[in-house]
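Asker: What follows is data09.pdb, made up of PDB, C-alpha atoms and all ligand atoms:
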```
ATOM      1  CA  MET A   1      -3.863   0.772 -32.098  1.00  0.00           C
ATOM      2  CA  SER A   2      -6.959  -0.380 -30.227  1.00  0.00           C
ATOM      3  CA  THR A   3      -9.107   2.143 -28.379  1.00  0.00           C
ATOM      4  CA  LEU A   4      -8.134   2.957 -24.808  1.00  0.00           C
ATOM      5  CA  HIS A   5     -10.538   1.764 -22.100  1.00  0.00           C
ATOM      6  CA  PRO A   6     -12.835   4.643 -21.023  1.00  0.00           C
ATOM      7  CA  ASP A   7     -11.394   4.574 -17.467  1.00  0.00           C
ATOM      8  CA  LEU A   8      -7.970   5.520 -18.830  1.00  0.00           C
ATOM      9  CA  ALA A   9      -6.719   9.024 -19.598  1.00  0.00           C
ATOM     10  CA  ARG A  10      -3.528   8.159 -21.512  1.00  0.00           C
ATOM     11  CA  VAL A  11      -0.748   5.662 -21.870  1.00  0.00           C
ATOM     12  CA  ILE A  12       2.227   6.804 -19.782  1.00  0.00           C
ATOM     13  CA  ILE A  13       4.692   4.035 -20.693  1.00  0.00           C
ATOM     14  CA  SER A  14       4.150   1.897 -23.780  1.00  0.00           C
ATOM     15  CA  GLU A  15       4.581  -1.864 -23.990  1.00  0.00           C
ATOM     16  CA  GLU A  16       7.689  -1.393 -26.155  1.00  0.00           C
ATOM     17  CA  GLU A  17       9.273   1.050 -23.692  1.00  0.00           C
ATOM     18  CA  ILE A  18       8.623  -1.331 -20.792  1.00  0.00           C
ATOM     19  CA  GLN A  19      10.035  -4.352 -22.592  1.00  0.00           C
ATOM     20  CA  GLU A  20      13.132  -2.415 -23.622  1.00  0.00           C
ATOM     21  CA  ARG A  21      13.729  -1.162 -20.067  1.00  0.00           C
ATOM     22  CA  VAL A  22      13.196  -4.627 -18.561  1.00  0.00           C
ATOM     23  CA  LYS A  23      15.951  -5.969 -20.832  1.00  0.00           C
ATOM     24  CA  GLU A  24      18.264  -3.122 -19.764  1.00  0.00           C
ATOM     25  CA  LEU A  25      17.596  -3.781 -16.079  1.00  0.00           C
ATOM     26  CA  ALA A  26      18.235  -7.509 -16.559  1.00  0.00           C
ATOM     27  CA  ALA A  27      21.530  -6.735 -18.327  1.00  0.00           C
ATOM     28  CA  GLN A  28      22.576  -4.434 -15.483  1.00  0.00           C
ATOM     29  CA  ILE A  29      21.721  -7.094 -12.893  1.00  0.00           C
ATOM     30  CA  GLU A  30      23.647  -9.749 -14.862  1.00  0.00           C
ATOM     31  CA  GLU A  31      26.707  -7.527 -14.875  1.00  0.00           C
ATOM     32  CA  ASP A  32      26.499  -6.683 -11.173  1.00  0.00           C
ATOM     33  CA  TYR A  33      26.053 -10.309 -10.109  1.00  0.00           C
ATOM     34  CA  ALA A  34      28.391 -11.916 -12.647  1.00  0.00           C
ATOM     35  CA  ASP A  35      30.577 -13.385  -9.892  1.00  0.00           C
ATOM     36  CA  VAL A  36      27.750 -14.715  -7.768  1.00  0.00           C
ATOM     37  CA  GLU A  37      26.573 -18.340  -7.823  1.00  0.00           C
ATOM     38  CA  ARG A  38      22.893 -17.405  -7.883  1.00  0.00           C
ATOM     39  CA  ILE A  39      20.484 -14.676  -6.912  1.00  0.00           C
ATOM     40  CA  MET A  40      17.001 -14.815  -5.394  1.00  0.00           C
ATOM     41  CA  LEU A  41      14.286 -12.569  -6.791  1.00  0.00           C
ATOM     42  CA  ILE A  42      11.497 -11.838  -4.313  1.00  0.00           C
ATOM     43  CA  GLY A  43       8.401 -10.447  -6.024  1.00  0.00           C
ATOM     44  CA  ILE A  44       5.897  -8.506  -3.948  1.00  0.00           C
ATOM     45  CA  LEU A  45       2.334  -9.590  -4.672  1.00  0.00           C
ATOM     46  CA  LYS A  46       0.150  -8.830  -6.226  1.00  0.00           C
ATOM     47  CA  GLY A  47       1.458  -5.942  -8.314  1.00  0.00           C
ATOM     48  CA  ALA A  48       4.939  -7.258  -9.147  1.00  0.00           C
ATOM     49  CA  PHE A  49       3.920 -10.563 -10.710  1.00  0.00           C
ATOM     50  CA  ILE A  50       4.050  -9.415 -14.332  1.00  0.00           C
ATOM     51  CA  PHE A  51       7.241  -7.361 -13.997  1.00  0.00           C
ATOM     52  CA  LEU A  52       8.904 -10.224 -12.125  1.00  0.00           C
ATOM     53  CA  ALA A  53       7.868 -12.735 -14.795  1.00  0.00           C
ATOM     54  CA  ASP A  54       9.408 -10.634 -17.577  1.00  0.00           C
ATOM     55  CA  LEU A  55      12.513  -9.652 -15.595  1.00  0.00           C
ATOM     56  CA  ALA A  56      13.220 -13.240 -14.517  1.00  0.00           C
ATOM     57  CA  ARG A  57      12.882 -14.519 -18.081  1.00  0.00           C
ATOM     58  CA  ALA A  58      15.236 -11.821 -19.363  1.00  0.00           C
ATOM     59  CA  LEU A  59      17.926 -12.768 -16.811  1.00  0.00           C
ATOM     60  CA  ASN A  60      20.694 -15.011 -18.078  1.00  0.00           C
ATOM     61  CA  ILE A  61      22.178 -15.795 -14.674  1.00  0.00           C
ATOM     62  CA  ASN A  62      21.236 -18.407 -12.108  1.00  0.00           C
ATOM     63  CA  HIS A  63      18.238 -17.250 -10.109  1.00  0.00           C
ATOM     64  CA  THR A  64      15.375 -18.469  -7.991  1.00  0.00           C
ATOM     65  CA  VAL A  65      11.979 -16.809  -7.614  1.00  0.00           C
ATOM     66  CA  ASP A  66       9.934 -16.398  -4.459  1.00  0.00           C
ATOM     67  CA  PHE A  67       7.130 -14.128  -3.274  1.00  0.00           C
ATOM     68  CA  MET A  68       5.991 -12.025  -0.346  1.00  0.00           C
ATOM     69  CA  ALA A  69       2.779 -10.087   0.163  1.00  0.00           C
ATOM     70  CA  VAL A  70       1.985  -7.284   2.553  1.00  0.00           C
ATOM     71  CA  SER A  71      -1.059  -5.373   3.543  1.00  0.00           C
ATOM     72  CA  SER A  72      -0.869  -1.631   4.119  1.00  0.00           C
ATOM     73  CA  TYR A  73      -3.071   0.294   6.463  1.00  0.00           C
ATOM     74  CA  GLY A  74      -4.030   3.908   6.096  1.00  0.00           C
ATOM     75  CA  LYS A  75      -2.198   4.631   2.861  1.00  0.00           C
ATOM     76  CA  SER A  76      -3.913   7.986   2.809  1.00  0.00           C
ATOM     77  CA  GLY A  77      -5.332   7.765   6.305  1.00  0.00           C
ATOM     78  CA  ALA A  78      -4.496   8.161   9.947  1.00  0.00           C
ATOM     79  CA  VAL A  79      -2.061   5.292  10.546  1.00  0.00           C
ATOM     80  CA  SER A  80       0.035   5.900   7.480  1.00  0.00           C
ATOM     81  CA  GLY A  81       3.055   3.665   7.231  1.00  0.00           C
ATOM     82  CA  ALA A  82       1.724   0.589   9.018  1.00  0.00           C
ATOM     83  CA  VAL A  83       2.585  -2.487   6.968  1.00  0.00           C
ATOM     84  CA  ARG A  84       1.761  -6.100   7.852  1.00  0.00           C
ATOM     85  CA  LEU A  85       3.236  -9.256   6.344  1.00  0.00           C
ATOM     86  CA  VAL A  86       0.506 -11.515   4.936  1.00  0.00           C
ATOM     87  CA  LEU A  87       2.623 -13.972   2.919  1.00  0.00           C
ATOM     88  CA  ASP A  88       6.244 -14.902   3.532  1.00  0.00           C
ATOM     89  CA  VAL A  89       8.869 -16.483   1.277  1.00  0.00           C
ATOM     90  CA  ARG A  90       8.839 -20.268   1.075  1.00  0.00           C
ATOM     91  CA  GLU A  91      12.636 -20.673   1.117  1.00  0.00           C
ATOM     92  CA  PRO A  92      15.053 -19.255   3.715  1.00  0.00           C
ATOM     93  CA  VAL A  93      16.930 -16.127   2.651  1.00  0.00           C
ATOM     94  CA  VAL A  94      20.004 -16.604   4.829  1.00  0.00           C
ATOM     95  CA  ASN A  95      23.210 -16.359   2.740  1.00  0.00           C
ATOM     96  CA  GLU A  96      21.205 -15.624  -0.438  1.00  0.00           C
ATOM     97  CA  HIS A  97      21.781 -12.658  -2.734  1.00  0.00           C
ATOM     98  CA  ILE A  98      18.336 -11.085  -2.621  1.00  0.00           C
ATOM     99  CA  ILE A  99      16.683  -8.574  -4.929  1.00  0.00           C
ATOM    100  CA  ILE A 100      13.273  -7.287  -3.831  1.00  0.00           C
ATOM    101  CA  VAL A 101      11.138  -6.769  -6.964  1.00  0.00           C
ATOM    102  CA  GLU A 102       8.313  -4.211  -6.758  1.00  0.00           C
ATOM    103  CA  ASP A 103       5.982  -2.807  -9.393  1.00  0.00           C
ATOM    104  CA  ILE A 104       5.812   0.659  -7.827  1.00  0.00           C
ATOM    105  CA  VAL A 105       7.298   2.624  -4.946  1.00  0.00           C
ATOM    106  CA  ASP A 106       5.031   5.423  -3.807  1.00  0.00           C
ATOM    107  CA  SER A 107       5.485   6.525  -0.162  1.00  0.00           C
ATOM    108  CA  GLY A 108       8.282   3.965   0.207  1.00  0.00           C
ATOM    109  CA  ASN A 109       6.691   2.433   3.317  1.00  0.00           C
ATOM    110  CA  THR A 110       6.256  -1.014   1.784  1.00  0.00           C
ATOM    111  CA  LEU A 111       9.803  -1.175   0.461  1.00  0.00           C
ATOM    112  CA  SER A 112      11.195   0.084   3.738  1.00  0.00           C
ATOM    113  CA  TYR A 113       9.294  -2.553   5.715  1.00  0.00           C
ATOM    114  CA  LEU A 114      10.383  -5.363   3.379  1.00  0.00           C
ATOM    115  CA  TYR A 115      13.989  -4.205   3.271  1.00  0.00           C
ATOM    116  CA  HIS A 116      14.369  -4.134   7.048  1.00  0.00           C
ATOM    117  CA  THR A 117      12.474  -7.406   7.492  1.00  0.00           C
ATOM    118  CA  LEU A 118      14.746  -9.225   5.025  1.00  0.00           C
ATOM    119  CA  LYS A 119      17.917  -7.489   6.214  1.00  0.00           C
ATOM    120  CA  GLY A 120      17.316  -8.974   9.673  1.00  0.00           C
ATOM    121  CA  ARG A 121      17.481 -12.488   8.238  1.00  0.00           C
ATOM    122  CA  GLN A 122      21.178 -12.373   7.267  1.00  0.00           C
ATOM    123  CA  PRO A 123      21.077 -12.522   3.471  1.00  0.00           C
ATOM    124  CA  ALA A 124      24.466 -12.445   1.695  1.00  0.00           C
ATOM    125  CA  SER A 125      23.339  -9.178   0.062  1.00  0.00           C
ATOM    126  CA  LEU A 126      20.117  -7.232  -0.369  1.00  0.00           C
ATOM    127  CA  LYS A 127      19.129  -4.891  -3.194  1.00  0.00           C
ATOM    128  CA  THR A 128      15.913  -3.392  -4.505  1.00  0.00           C
ATOM    129  CA  CYS A 129      14.337  -3.198  -7.943  1.00  0.00           C
ATOM    130  CA  ALA A 130      11.152  -1.352  -8.940  1.00  0.00           C
ATOM    131  CA  LEU A 131       9.585  -0.729 -12.314  1.00  0.00           C
ATOM    132  CA  LEU A 132       8.095   2.609 -11.249  1.00  0.00           C
ATOM    133  CA  GLU A 133       8.802   5.305  -8.695  1.00  0.00           C
ATOM    134  CA  LYS A 134       6.626   8.293  -8.049  1.00  0.00           C
ATOM    135  CA  THR A 135       8.787  11.371  -7.895  1.00  0.00           C
ATOM    136  CA  ARG A 136       9.705  11.961  -4.252  1.00  0.00           C
ATOM    137  CA  ASP A 137      12.275  14.116  -2.509  1.00  0.00           C
ATOM    138  CA  SER A 138      13.825  11.198  -0.692  1.00  0.00           C
ATOM    139  CA  LEU A 139      13.184   7.580   0.177  1.00  0.00           C
ATOM    140  CA  GLU A 140      14.392   5.893   3.339  1.00  0.00           C
ATOM    141  CA  VAL A 141      15.444   2.855   1.285  1.00  0.00           C
ATOM    142  CA  SER A 142      16.888   3.577  -2.149  1.00  0.00           C
ATOM    143  CA  ILE A 143      15.979   1.747  -5.355  1.00  0.00           C
ATOM    144  CA  ASP A 144      19.036   0.068  -6.855  1.00  0.00           C
ATOM    145  CA  TYR A 145      17.381  -0.861 -10.158  1.00  0.00           C
ATOM    146  CA  LEU A 146      14.659   1.530 -11.292  1.00  0.00           C
ATOM    147  CA  GLY A 147      12.636   1.341 -14.493  1.00  0.00           C
ATOM    148  CA  PHE A 148      10.940   4.738 -14.685  1.00  0.00           C
ATOM    149  CA  ASN A 149      10.060   7.809 -12.645  1.00  0.00           C
ATOM    150  CA  ILE A 150       6.410   8.732 -13.093  1.00  0.00           C
ATOM    151  CA  PRO A 151       4.239  11.686 -12.071  1.00  0.00           C
ATOM    152  CA  ASP A 152       2.023  11.483  -8.983  1.00  0.00           C
ATOM    153  CA  VAL A 153      -1.083  10.115 -10.710  1.00  0.00           C
ATOM    154  CA  TRP A 154      -2.973   6.820 -10.298  1.00  0.00           C
ATOM    155  CA  VAL A 155      -1.476   4.337 -12.737  1.00  0.00           C
ATOM    156  CA  VAL A 156      -2.721   0.925 -13.835  1.00  0.00           C
ATOM    157  CA  GLY A 157      -1.497  -1.858 -16.078  1.00  0.00           C
ATOM    158  CA  TYR A 158       1.551  -4.148 -16.157  1.00  0.00           C
ATOM    159  CA  GLY A 159       0.575  -5.499 -12.715  1.00  0.00           C
ATOM    160  CA  LEU A 160      -0.873  -2.315 -11.238  1.00  0.00           C
ATOM    161  CA  ASP A 161      -4.582  -2.156 -10.526  1.00  0.00           C
ATOM    162  CA  TYR A 162      -7.591  -0.111  -9.651  1.00  0.00           C
ATOM    163  CA  ALA A 163      -9.860  -2.290  -7.449  1.00  0.00           C
ATOM    164  CA  ASP A 164      -8.176  -5.327  -9.023  1.00  0.00           C
ATOM    165  CA  THR A 165      -8.976  -4.237 -12.576  1.00  0.00           C
ATOM    166  CA  HIS A 166      -6.672  -3.277 -15.475  1.00  0.00           C
ATOM    167  CA  ARG A 167      -3.751  -5.312 -14.022  1.00  0.00           C
ATOM    168  CA  THR A 168      -3.018  -7.263 -17.176  1.00  0.00           C
ATOM    169  CA  LEU A 169      -2.737  -4.390 -19.624  1.00  0.00           C
ATOM    170  CA  PRO A 170       0.665  -4.605 -21.362  1.00  0.00           C
ATOM    171  CA  PHE A 171       1.349  -0.880 -20.814  1.00  0.00           C
ATOM    172  CA  VAL A 172       1.166   1.584 -17.895  1.00  0.00           C
ATOM    173  CA  ALA A 173      -1.679   4.081 -18.157  1.00  0.00           C
ATOM    174  CA  GLU A 174      -3.068   6.944 -16.107  1.00  0.00           C
ATOM    175  CA  LEU A 175      -6.473   6.335 -14.573  1.00  0.00           C
ATOM    176  CA  LYS A 176      -8.969   9.156 -15.011  1.00  0.00           C
ATOM    177  CA  PRO A 177      -9.425  10.912 -11.636  1.00  0.00           C
ATOM    178  CA  GLU A 178     -13.231  10.683 -11.904  1.00  0.00           C
ATOM    179  CA  VAL A 179     -12.935   6.873 -11.743  1.00  0.00           C
ATOM    180  CA  TYR A 180     -11.529   6.861  -8.191  1.00  0.00           C
ATOM    181  CA  GLN A 181     -12.674  10.196  -6.756  1.00  0.00           C
TER
HETATM  182  C1  LIG B 201       1.341  -1.234  -4.154  1.00  0.00           C
HETATM  183  C2  LIG B 201       2.679  -1.646  -4.745  1.00  0.00           C
HETATM  184  C3  LIG B 201       3.607  -1.561  -3.581  1.00  0.00           C
HETATM  185  C4  LIG B 201       2.998  -0.500  -2.705  1.00  0.00           C
HETATM  186  C5  LIG B 201       3.764   0.778  -2.837  1.00  0.00           C
HETATM  187  O1  LIG B 201       0.723  -2.352  -3.613  1.00  0.00           O
HETATM  188  O2  LIG B 201       2.631  -2.931  -5.297  1.00  0.00           O
HETATM  189  O3  LIG B 201       3.703  -2.797  -2.897  1.00  0.00           O
HETATM  190  O4  LIG B 201       1.653  -0.287  -3.150  1.00  0.00           O
HETATM  191  O5  LIG B 201       3.233   1.784  -2.021  1.00  0.00           O
HETATM  192  P1  LIG B 201       4.064   2.534  -0.885  1.00  0.00           P
HETATM  193  O6  LIG B 201       5.417   2.862  -1.486  1.00  0.00           O
HETATM  194  O7  LIG B 201       3.243   3.773  -0.612  1.00  0.00           O
HETATM  195  O8  LIG B 201       4.183   1.632   0.288  1.00  0.00           O
HETATM  196  P2  LIG B 201      -0.852  -2.391  -3.250  1.00  0.00           P
HETATM  197  O9  LIG B 201      -1.024  -2.066  -1.813  1.00  0.00           O
HETATM  198  O10 LIG B 201      -1.602  -1.562  -4.228  1.00  0.00           O
HETATM  199  O11 LIG B 201      -1.208  -3.927  -3.406  1.00  0.00           O
HETATM  200  P3  LIG B 201      -1.194  -4.877  -4.704  1.00  0.00           P
HETATM  201  O12 LIG B 201       0.221  -4.893  -5.236  1.00  0.00           O
HETATM  202  O13 LIG B 201      -1.622  -6.197  -4.168  1.00  0.00           O
HETATM  203  O14 LIG B 201      -2.167  -4.303  -5.715  1.00  0.00           O
END
```
Reformat the file's structure so that it appears as structure tokens.
Ligand code: PRP

Answerer:
Amino acid sequence: MSTLHPDLARVIISEEEIQERVKELAAQIEEDYADVERIMLIGILKGAFIFLADLARALNINHTVDFMAVSSYGKSGAVSGAVRLVLDVREPVVNEHIIIVEDIVDSGNTLSYLYHTLKGRQPASLKTCALLEKTRDSLEVSIDYLGFNIPDVWVVGYGLDYADTHRTLPFVAELKPEVYQ
């Protein structure tokens, strides 16, 4: 195995574990939507682009792919929870079976904002999928398809970044605290 980048403390989820779980999630989605004409996967940029690409390619049912992007203010600051839409889907979502695809759910603010925004547009159904969730007591919007629960540490790789670096690592790793403190 190649040496870990010096910014990284340890691998939390290996490439093999991720790929295995992505296949399981795709199989679960196929089963749940077996009677539906098609589904629409909405990936949340930037972090979800790698997970979405693998999940979509593992899905053997009719699906379309679209994207949204949001900007969060005050993640650890004063106006915690404020989320703003910076990129919207290209196609209308009305009467579509939507699955929101996220890389990680932390406070849940982003997912909550997206869920309520899309719910207001009359989709046929609306579910949520996230590769990672940081262990929380409760989320306002639940995750229907979850890859892994992870501890409350800064993670990078498989779409997740630190200052836009380490996004394309094939595994999820913990960033050393001294890198961001
Ligand atoms: C991350 C992640 C989620 C959000 C989760 O995005 O992709 O969208 O944070 O956090 P929350 O549950 O506390 O709202 P980030 O803001 O890092 O942007 P990026 O995906 O473009 O890197």

Asker: As a list of chain:residue names, please: every protein or nucleic acid residue near ligand LIG 201 (chain B) (cut-off 7 Å, counting all atoms listed in the file).

Answerer: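 Listing the residues within 7 Å of ligand LIG 201 (chain B) gives A:Ile44, A:Leu45, A:Lys46, A:Gly47, A:Ala48, A:Ser71, A:Ser72, A:Lys75, A:Glu102, A:Asp103, A:Ile104, A:Val105, A:Asp106, A:Ser107, A:Gly108, A:Asn109, A:Thr110, A:Leu111, A:Leu160, A:Asp161, A:Asp164.
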
Asker: Can you write out as a tab-separated table which residues of range 77-140 of chain A fall within 9 Å of range 149-157 of chain A, alongside each residue's closest atom pair and its distance in Å to one decimal, counting all atoms listed in the file and ordering rows by chain and ascending residue number?

Answerer:
```
residue	atom	partner	partner_atom	distance
A:Asp106	CA	A:Asp152	CA	8.5
A:Leu131	CA	A:Asn149	CA	8.6
A:Leu132	CA	A:Asn149	CA	5.7
A:Glu133	CA	A:Asn149	CA	4.8
A:Lys134	CA	A:Ile150	CA	5.1
A:Thr135	CA	A:Asn149	CA	6.1
```

Asker: With the file shown as input, list the residues that the PyMOL selection byres (((chain A and resi 65) around 8) and not hetatm) selects, as number ranges by chain.

Answerer: A: 40-43, 56, 63-64, 66-67

Asker: Just the number, please: distance in Å from CA of Glu30 in chain A to CA of Arg90 in chain A, one decimal.

Answerer: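 Computed distance, CA of Glu30 in chain A to CA of Arg90 in chain A, equals 24.2 Å.
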
Asker: Any idea what the distance is between CA of Val70 in chain A and CA of Ala163 in chain A?

Answerer: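 Atom-to-atom, CA of Val70 in chain A and CA of Ala163 in chain A are spaced 16.3 Å apart.
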
Asker: Would you mind listing what lies within 12 Å of Lys119 in chain A as a PyMOL selection string, with all atoms listed in the file counted and same-chain residues fewer than 3 positions away left out?

Answerer: chain A and resi 93-100+111-116+122-128+141

Asker: Have a look at CA of Ser138 in chain A and CA of Tyr180 in chain A and let me know their distance in Å, one decimal.

Answerer: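 Value for the CA of Ser138 in chain A-CA of Tyr180 in chain A distance: 26.8 Å.
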
Asker: Using 6 Å of padding on each side, determine the axis-aligned box around all atoms of range 147-161 of chain A present in the file and give its centre and edge lengths in Å to one decimal, as lines of an AutoDock Vina configuration file.

Answerer:
```
center_x = 4.0
center_y = 3.1
center_z = -12.6
size_x = 29.2
size_y = 29.2
size_z = 19.2
```

Asker: Hey, which of A:Ile50, A:Asp32, A:Glu17, A:Asp7 ends up closest to Arg167 in chain A? Count all atoms listed in the file.

Answerer: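 Closest residue, counting all atoms listed in the file: A:Ile50.
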
Asker: Using all atoms listed in the file, which of the listed residues (A:Phe51, A:Tyr33, A:Ile12, A:Leu118) sits closest to Met68 in chain A?

Answerer: A:Leu118

Asker: Given only C-alpha atoms as the basis, pick out the residue of A:Ser14, A:Glu31, A:Tyr162, A:Ala69 nearest to Val179 in chain A.

Answerer: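 Closest candidate: A:Tyr162.
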
Asker: For the structure provided, state which residues fall under the PyMOL selection byres (((chain A and resi 60) around 10) and not hetatm), and present them as a VMD selection string.

Answerer: chain A and resid 26 to 27 29 to 30 34 56 to 59 61 to 63

Asker: Dump C-alpha atoms for the selected residues as a CSV table (one decimal), in the frame of the given file?

Answerer:
```csv
chain,number,residue,atom,x,y,z
A,26,ALA,CA,18.2,-7.5,-16.6
A,27,ALA,CA,21.5,-6.7,-18.3
A,29,ILE,CA,21.7,-7.1,-12.9
A,30,GLU,CA,23.6,-9.7,-14.9
A,34,ALA,CA,28.4,-11.9,-12.6
A,56,ALA,CA,13.2,-13.2,-14.5
A,57,ARG,CA,12.9,-14.5,-18.1
A,58,ALA,CA,15.2,-11.8,-19.4
A,59,LEU,CA,17.9,-12.8,-16.8
A,61,ILE,CA,22.2,-15.8,-14.7
A,62,ASN,CA,21.2,-18.4,-12.1
A,63,HIS,CA,18.2,-17.2,-10.1
```

Asker: Using only C-alpha atoms, can you list as a PyMOL selection string the residues within 6 Å of (0.9, -2.2, -22.6)?

Answerer: chain A and resi 14-15+169-171

Asker: Export N, CA, C and O atoms of range 58-70 of chain A from the structure just given, as an mmCIF file, in the first residue's frame?

Answerer:
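In the end it all went to selection-v2.cif:
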```cif
data_model
loop_
_atom_site.group_PDB
_atom_site.id
_atom_site.type_symbol
_atom_site.label_atom_id
_atom_site.label_comp_id
_atom_site.auth_asym_id
_atom_site.auth_seq_id
_atom_site.Cartn_x
_atom_site.Cartn_y
_atom_site.Cartn_z
ATOM 1 N N ALA A 58 -23.776 2.002 -10.744
ATOM 2 C CA ALA A 58 -24.125 0.704 -10.148
ATOM 3 C C ALA A 58 -25.626 0.426 -10.236
ATOM 4 O O ALA A 58 -26.066 -0.679 -9.966
ATOM 5 N N LEU A 59 -26.409 1.414 -10.615
ATOM 6 C CA LEU A 59 -27.875 1.295 -10.633
ATOM 7 C C LEU A 59 -28.381 0.711 -11.948
ATOM 8 O O LEU A 59 -28.176 1.316 -13.004
ATOM 9 N N ASN A 60 -29.076 -0.406 -11.845
ATOM 10 C CA ASN A 60 -29.620 -1.031 -13.050
ATOM 11 C C ASN A 60 -31.100 -0.737 -13.218
ATOM 12 O O ASN A 60 -31.881 -1.612 -13.556
ATOM 13 N N ILE A 61 -31.495 0.493 -12.917
ATOM 14 C CA ILE A 61 -32.867 0.925 -13.232
ATOM 15 C C ILE A 61 -32.752 2.275 -13.936
ATOM 16 O O ILE A 61 -31.726 2.955 -13.829
ATOM 17 N N ASN A 62 -33.829 2.626 -14.630
ATOM 18 C CA ASN A 62 -33.853 3.884 -15.369
ATOM 19 C C ASN A 62 -33.621 5.065 -14.436
ATOM 20 O O ASN A 62 -34.317 5.199 -13.431
ATOM 21 N N HIS A 63 -32.666 5.909 -14.756
ATOM 22 C CA HIS A 63 -32.457 7.079 -13.897
ATOM 23 C C HIS A 63 -31.860 8.236 -14.697
ATOM 24 O O HIS A 63 -31.200 8.023 -15.702
ATOM 25 N N THR A 64 -32.146 9.435 -14.206
ATOM 26 C CA THR A 64 -31.485 10.615 -14.746
ATOM 27 C C THR A 64 -30.631 11.208 -13.631
ATOM 28 O O THR A 64 -30.804 10.870 -12.457
ATOM 29 N N VAL A 65 -29.701 12.074 -14.017
ATOM 30 C CA VAL A 65 -28.778 12.679 -13.059
ATOM 31 C C VAL A 65 -28.844 14.196 -13.206
ATOM 32 O O VAL A 65 -28.850 14.712 -14.325
ATOM 33 N N ASP A 66 -28.948 14.876 -12.090
ATOM 34 C CA ASP A 66 -28.899 16.341 -12.120
ATOM 35 C C ASP A 66 -28.133 16.811 -10.884
ATOM 36 O O ASP A 66 -27.742 15.983 -10.057
ATOM 37 N N PHE A 67 -27.906 18.106 -10.787
ATOM 38 C CA PHE A 67 -27.075 18.620 -9.691
ATOM 39 C C PHE A 67 -27.660 19.882 -9.079
ATOM 40 O O PHE A 67 -28.326 20.659 -9.750
ATOM 41 N N MET A 68 -27.362 20.069 -7.802
ATOM 42 C CA MET A 68 -27.622 21.338 -7.122
ATOM 43 C C MET A 68 -26.362 21.688 -6.333
ATOM 44 O O MET A 68 -25.555 20.799 -6.016
ATOM 45 N N ALA A 69 -26.209 22.958 -6.015
ATOM 46 C CA ALA A 69 -25.112 23.361 -5.138
ATOM 47 C C ALA A 69 -25.632 24.422 -4.183
ATOM 48 O O ALA A 69 -26.494 25.234 -4.552
ATOM 49 N N VAL A 70 -25.147 24.370 -2.972
ATOM 50 C CA VAL A 70 -25.556 25.353 -1.969
ATOM 51 C C VAL A 70 -24.317 25.950 -1.321
ATOM 52 O O VAL A 70 -23.219 25.409 -1.420
#
```
